[in-house]
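Asks: Take this structure first; my questions come after.
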Amino acid sequence: MITYLLDGFGFLFSTMAAPALLGGVVLGIILGVLPGLTATMGIALLIPLTYYVSPSIGLSMLIGIFAGGIYGGSVSAILLKTPGTPAAGATLLDGYPLAQSGHAGKAIAIATISSAIGGLIGALILSFLAPQIAKIAVRFGPPEYVLLGVYGLTMISYVAGTSLIKGLFAGCIGLLISTFGIDPITSVPRFTFGTLNLLTGFELLPILIGIFAMSQAIEGVRDSREIAPPQVKLTKVGISMKEFFRILPHIVKSAFIGTFVGAVPGTGTDIAAFLSYGEAKRSSKHPEEFGKGSIEGVAAPESGNNACVNGAMIPMFTLGIPGEAATAVILGGLMVLGLQPGPLLFSDSPDVIYTVFASTITSNVFMIILGIVGARFFAKVLSLPKSVIVAFIFVFSVLGAYSMRNSMFDIVVMMTAGLLGYIFSILDYPVPPVLLGVILGPLVESNLGRTLLVSDGNLLIFFKRPISIFFILIIVGTIGSNIYKHYKSKRTA
Amino acid sequence: MDTKRKVALEVGLNVLFIAIAIGMFIVSKEYKFVRGTLLGSRTFPILIGSIMSIFGIVNIIKALSVSKSPETTTQERVEEESSGNGFFDFIRKYRVAIAVGLMVVYYLMLWLLGFIIATALFLPAMLYLLEYRKPVKVAIITVLGVAFLYIAFKVLLGVPLPGAKLF
């Protein structure tokens, strides 16, 4: 495995993968810095470009955007009191008071160092743990894949937001979309209405760009009259060694919390950040400083959310289960590149997967250099006219949807998905379940068909295999705990 | 958006997808089950469509009950300040709908006029809608933007861009 990882580093630095990663980190930070734009949107928009380069290079760029985007959110949280991404929500609690007291540069330096160290620890755990999980997952047969897909769909209950029913409804829309095109078992063309455009079903990429990028551009039009809050002036970027050693234990602890939280499908970077913040406050020698500009209060959530980025990739790469929006989009990117996420990825494309691992490790090194050296540049990004960015997101969305199959039909699909995503945001319907449904629908349907063929239609096959029974227990536990959670939160509301 | 319009939109959204599910039931009658089993091309769509319809009905009932609740019928609309110009006020008020309309027009222009001309017309229009109205800057952004996209996609990556049907 170490050899594979070293080969990954070799490929990264001997090809265009390293510049692509660097470009991804820069772009990710810029998107993260700008409130209202997310790394998820950036990944969705950039996937079409990866189609024209090798998978390793393309994925390195996407990994860079993801890592950079989560870190970038902290800059606007510190300077504007507006988190650029939800993951930076916890950072502003102490980052902004620290900046207001004349230490904006220190806050940015702490956020940068913590993000990089947290991300690095998370990336190392990912690189060494994921192959071990894949070794177990490679034993899965069709019944296990059905249950794995169903387990992935139960994640809808986690990403459902305020209403479980709305989340499940959105998930069903995704599943229904996945049924268009040739049936995977009987090869019958379904709901094609005689058009060749629908013979292979709806392409994933236009849907992905529509619901994550185009919808955000429409939201940008809606919010175009909002006035940006005043920006705190950036001072000298850096911290003392004494301060570094004070925050280091919190960074390391939060990195493990973040990685663990990320590895549990259905959680996210925001949860990791707030959990890390809470733990840092609990264990700090100076809990009274929290909320007033504590340096630990900036370090812990930043370490936690960037470690979470890598933790979230563990189930994505090993099981093909996207836990939250950004990993769902990267998963879509893998599929667009012709790679099947899951345990076989480790045996079929070790060169790609280990280059990706090398990228996750290296992205943190790039982040620390860019964050410290380029802090002033990224602070200036905050003053970019948002209207220009929004206008270009529309054009990028159209080009992205068109470029994969050179199809005008895909532009229509993207626009429809974008409008649907916008309506969802107005009505508080969660969007990620739609993508979960589209991605996991074919996995569940094709393997259900295979399972029923093998067992002559006998559903008891699911209860005769140990791994299947294990999954059934997890699924029942997940659904049960979430119904209880929703019921409890409604009673307390 | 005020509560009444939100409820109408939510009911409309759910009714639309229930109608799509019903349409899929009808169309999927053509697809046969594998003899003696519940397996077939229609199994999954029928299963998912049924579940979705149930959730859709629950959503409609919930939305309608919210609209009848006296606590939630308050107006949330925030009036935009008037610019003194009727046309400006109109596009400001309906900017989302106009943006969607512009996208549709952009799609048609891409089809008829090709990428370069369509984008060169779309960008200034969208910037105008977003109240970015400095003519020189808009012209520079449009020219540089179109050139950048053309070079990045067509020249460097070799991605074909939509061509003109008219000429």
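Labeling convention for the structure tokens: chains A, B, ... as they appear, residues from 1 per chain, ligands from 1 in order of appearance.
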What residues in chain A have any atom no more than 7 Å from chain B when counting only C-alpha atoms, and can you write them as a list in words?
Replies: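 Applying the cut-off to the listed atoms yields Tyr52, Ile165, Phe169, Cys172, Leu175, Leu176, Thr179, Asp183, Thr186, Val188, Ile218, Val221, Arg222, Ser224, Ser387, Val388, Ala391, Ser403, Asn406, Leu427, Glu445, Gly449 and Gly457 of chain A.
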Asks: Show me, as a list of chain:residue names, the residues that have an atom within 6 Å of Ala164 of chain B when counting only C-alpha atoms, minus same-chain residues fewer than 2 positions from it.
Replies: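 Answer for this query is B:Trp111, B:Leu112, B:Leu113, B:Gly114, B:Leu166, B:Phe167.
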Asks: Keeping C-alpha atoms, export the residues of the selection given above as a PDB file, in the first residue's frame.
Replies:
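Saved result, out_34.pdb, follows:
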ATOM      1  CA  TRP B 111     -29.375  26.913 -30.912  1.00  0.00           C
ATOM      2  CA  LEU B 112     -29.892  29.544 -33.604  1.00  0.00           C
ATOM      3  CA  LEU B 113     -26.847  31.826 -33.350  1.00  0.00           C
ATOM      4  CA  GLY B 114     -24.186  29.654 -31.741  1.00  0.00           C
ATOM      5  CA  LEU B 166     -29.007  29.823 -38.857  1.00  0.00           C
ATOM      6  CA  PHE B 167     -25.699  30.168 -40.640  1.00  0.00           C
TER       7      PHE B 167
END
Asks: At what distance in Å, to one decimal, does atom CA of Val150 of chain A lie from atom CA of Leu164 of chain A?
Replies: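 Computing it gives 16.1 Å between the two atoms.
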Asks: So that I can see what lies close to Leu440 of chain A, please list as a compact mmCIF listing (two decimals) with N, CA and C atoms, in the first residue's frame the residues with an atom at most 10 Å from it, counting only C-alpha atoms and leaving out residues fewer than 2 positions away in the same chain.
Replies:
# COMPACT_ATOMS: atom_id res chain seq x y z
N VAL A 146 -27.67 -4.49 -2.71
CA VAL A 146 -29.04 -3.95 -2.58
C VAL A 146 -29.17 -3.24 -1.22
N LEU A 148 -26.79 -2.26 0.75
CA LEU A 148 -25.88 -1.12 0.84
C LEU A 148 -26.53 0.12 0.22
N GLY A 149 -27.18 -0.10 -0.93
CA GLY A 149 -27.88 1.00 -1.60
C GLY A 149 -29.03 1.52 -0.75
N VAL A 150 -29.78 0.57 -0.16
CA VAL A 150 -30.89 0.98 0.71
C VAL A 150 -30.34 1.74 1.92
N TYR A 151 -29.21 1.26 2.44
CA TYR A 151 -28.58 1.97 3.57
C TYR A 151 -28.21 3.40 3.16
N GLY A 152 -27.66 3.51 1.95
CA GLY A 152 -27.32 4.84 1.44
C GLY A 152 -28.55 5.72 1.34
N LEU A 153 -29.67 5.10 0.92
CA LEU A 153 -30.91 5.87 0.80
C LEU A 153 -31.47 6.29 2.16
N GLY A 171 -36.04 12.29 -2.34
CA GLY A 171 -35.29 11.07 -2.68
C GLY A 171 -36.03 10.24 -3.71
N GLY A 174 -35.56 11.54 -7.15
CA GLY A 174 -34.27 11.08 -7.69
C GLY A 174 -34.35 9.64 -8.18
N LEU A 175 -34.99 8.79 -7.39
CA LEU A 175 -35.12 7.37 -7.78
C LEU A 175 -35.94 7.23 -9.05
N SER A 178 -34.05 8.05 -12.03
CA SER A 178 -33.10 6.99 -12.40
C SER A 178 -33.75 5.85 -13.17
N GLY A 320 -19.05 3.37 -2.11
CA GLY A 320 -19.84 4.06 -3.13
C GLY A 320 -21.05 4.75 -2.54
N ILE A 321 -20.98 5.09 -1.26
CA ILE A 321 -22.11 5.74 -0.57
C ILE A 321 -21.74 7.20 -0.30
N PRO A 322 -22.44 8.12 -0.95
CA PRO A 322 -22.16 9.53 -0.64
C PRO A 322 -22.89 9.94 0.63
N LEU A 435 -30.14 13.78 -5.53
CA LEU A 435 -28.91 13.23 -6.10
C LEU A 435 -28.65 11.82 -5.56
N LEU A 436 -28.91 11.62 -4.26
CA LEU A 436 -28.74 10.28 -3.69
C LEU A 436 -29.62 9.28 -4.43
N GLY A 437 -30.85 9.68 -4.71
CA GLY A 437 -31.78 8.81 -5.44
C GLY A 437 -31.28 8.49 -6.83
N VAL A 438 -30.82 9.51 -7.55
CA VAL A 438 -30.35 9.31 -8.93
C VAL A 438 -29.13 8.38 -8.94
N PRO A 442 -30.00 3.08 -9.66
CA PRO A 442 -29.57 1.97 -10.52
C PRO A 442 -28.85 0.86 -9.74
N LEU A 443 -28.09 1.24 -8.71
CA LEU A 443 -27.37 0.24 -7.90
C LEU A 443 -28.37 -0.70 -7.22
N VAL A 444 -29.41 -0.11 -6.64
CA VAL A 444 -30.41 -0.92 -5.93
C VAL A 444 -31.20 -1.75 -6.93
N GLU A 445 -31.67 -1.11 -8.01
CA GLU A 445 -32.55 -1.82 -8.94
C GLU A 445 -31.84 -2.98 -9.62
Asks: Please measure the separation of atom CA of Ser383 of chain A and atom CA of Gln100 of chain A, giving the value in Å to one decimal.
Replies: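 Spanning atom CA of Ser383 of chain A to atom CA of Gln100 of chain A is a straight-line distance of 18.6 Å.
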Asks: Between A:Ser14, A:Ser425, A:Ser60, A:Ser294, which one has atoms that come closest to Asp94 of chain A, using only C-alpha atoms?
Replies: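 Selected residue with least distance to Asp94 of chain A: A:Ser294.
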Asks: Would you pick out the contacts of Leu45 of chain A at 10 Å or less, using only C-alpha atoms, so that residues sharing its chain but fewer than 4 positions from it are not included, and give the list as a PyMOL selection string?
Replies: chain A and resi 39-41+49+205-206+208-210+212-214+393+396-401
Asks: Store the residues of this selection in a file with C-alpha atoms, as a PDB file, in the first residue's frame.
Replies:
ATOM      1  CA  ALA A  39     -17.388  24.085  -2.969  1.00  0.00           C
ATOM      2  CA  THR A  40     -20.221  21.763  -4.003  1.00  0.00           C
ATOM      3  CA  MET A  41     -21.244  24.194  -6.712  1.00  0.00           C
ATOM      4  CA  LEU A  49     -13.694  19.864 -17.612  1.00  0.00           C
ATOM      5  CA  LEU A 205     -24.064  15.615 -14.993  1.00  0.00           C
ATOM      6  CA  PRO A 206     -26.792  18.035 -16.224  1.00  0.00           C
ATOM      7  CA  LEU A 208     -25.988  17.673 -10.896  1.00  0.00           C
ATOM      8  CA  ILE A 209     -25.053  21.030 -12.433  1.00  0.00           C
ATOM      9  CA  GLY A 210     -28.687  22.109 -12.454  1.00  0.00           C
ATOM     10  CA  PHE A 212     -26.216  22.528  -7.370  1.00  0.00           C
ATOM     11  CA  ALA A 213     -25.000  25.352  -9.640  1.00  0.00           C
ATOM     12  CA  MET A 214     -27.852  26.751 -11.721  1.00  0.00           C
ATOM     13  CA  ILE A 393     -22.248  30.738 -13.313  1.00  0.00           C
ATOM     14  CA  PHE A 396     -20.691  27.821 -17.080  1.00  0.00           C
ATOM     15  CA  SER A 397     -23.752  25.764 -16.170  1.00  0.00           C
ATOM     16  CA  VAL A 398     -24.919  25.753 -19.782  1.00  0.00           C
ATOM     17  CA  LEU A 399     -21.457  24.888 -21.130  1.00  0.00           C
ATOM     18  CA  GLY A 400     -20.972  22.182 -18.500  1.00  0.00           C
ATOM     19  CA  ALA A 401     -24.271  20.513 -19.303  1.00  0.00           C
TER      20      ALA A 401
END
Asks: Running DSSP on the backbone, which parts of segment 90-286 of chain A land in alpha helix (DSSP H), as a VMD selection string?
Replies: chain A and resid 91 to 98 104 to 137 142 to 154 156 to 159 164 to 178 204 to 209 215 to 222 241 to 263 269 to 283
Asks: Measuring between only C-alpha atoms, which one of A:Phe202, A:Phe357, A:Tyr277, A:Phe366 shows the shortest distance to Arg405 of chain A?
Replies: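 Closest to Arg405 of chain A of all the choices is A:Phe202.
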Asks: Provide the atom CA of Phe140 of chain A to atom CA of Thr327 of chain A distance in Å, to one decimal place.
Replies: 22.1 Å
Asks: With only C-alpha atoms as the counted atoms, please give the residues lying no more than 12 Å from Ile461 of chain A, apart from itself and same-chain residues fewer than 6 positions off, as a PyMOL selection string.
Replies: chain A and resi 141-144+146-147+448+450-455+467-469
Asks: For the selection just defined, write its residues with C-alpha atoms to a file, as a PDB file, in the first residue's frame.
Replies:
ATOM      1  CA  GLY A 141     -22.614  -9.972  -3.568  1.00  0.00           C
ATOM      2  CA  PRO A 142     -25.838  -8.608  -5.157  1.00  0.00           C
ATOM      3  CA  PRO A 143     -27.938  -8.928  -1.934  1.00  0.00           C
ATOM      4  CA  GLU A 144     -25.336  -6.938   0.014  1.00  0.00           C
ATOM      5  CA  VAL A 146     -29.037  -3.947  -2.578  1.00  0.00           C
ATOM      6  CA  LEU A 147     -28.879  -3.409   1.164  1.00  0.00           C
ATOM      7  CA  LEU A 448     -32.301  -6.377  -6.665  1.00  0.00           C
ATOM      8  CA  ARG A 450     -29.874 -10.048  -9.912  1.00  0.00           C
ATOM      9  CA  THR A 451     -30.680 -11.138  -6.356  1.00  0.00           C
ATOM     10  CA  LEU A 452     -34.222 -12.152  -7.272  1.00  0.00           C
ATOM     11  CA  LEU A 453     -33.000 -14.006 -10.345  1.00  0.00           C
ATOM     12  CA  VAL A 454     -30.430 -15.932  -8.288  1.00  0.00           C
ATOM     13  CA  SER A 455     -32.937 -16.750  -5.545  1.00  0.00           C
ATOM     14  CA  ILE A 467     -23.284  -9.357   5.963  1.00  0.00           C
ATOM     15  CA  SER A 468     -26.865  -8.890   4.727  1.00  0.00           C
ATOM     16  CA  ILE A 469     -28.217  -9.384   8.231  1.00  0.00           C
TER      17      ILE A 469
END
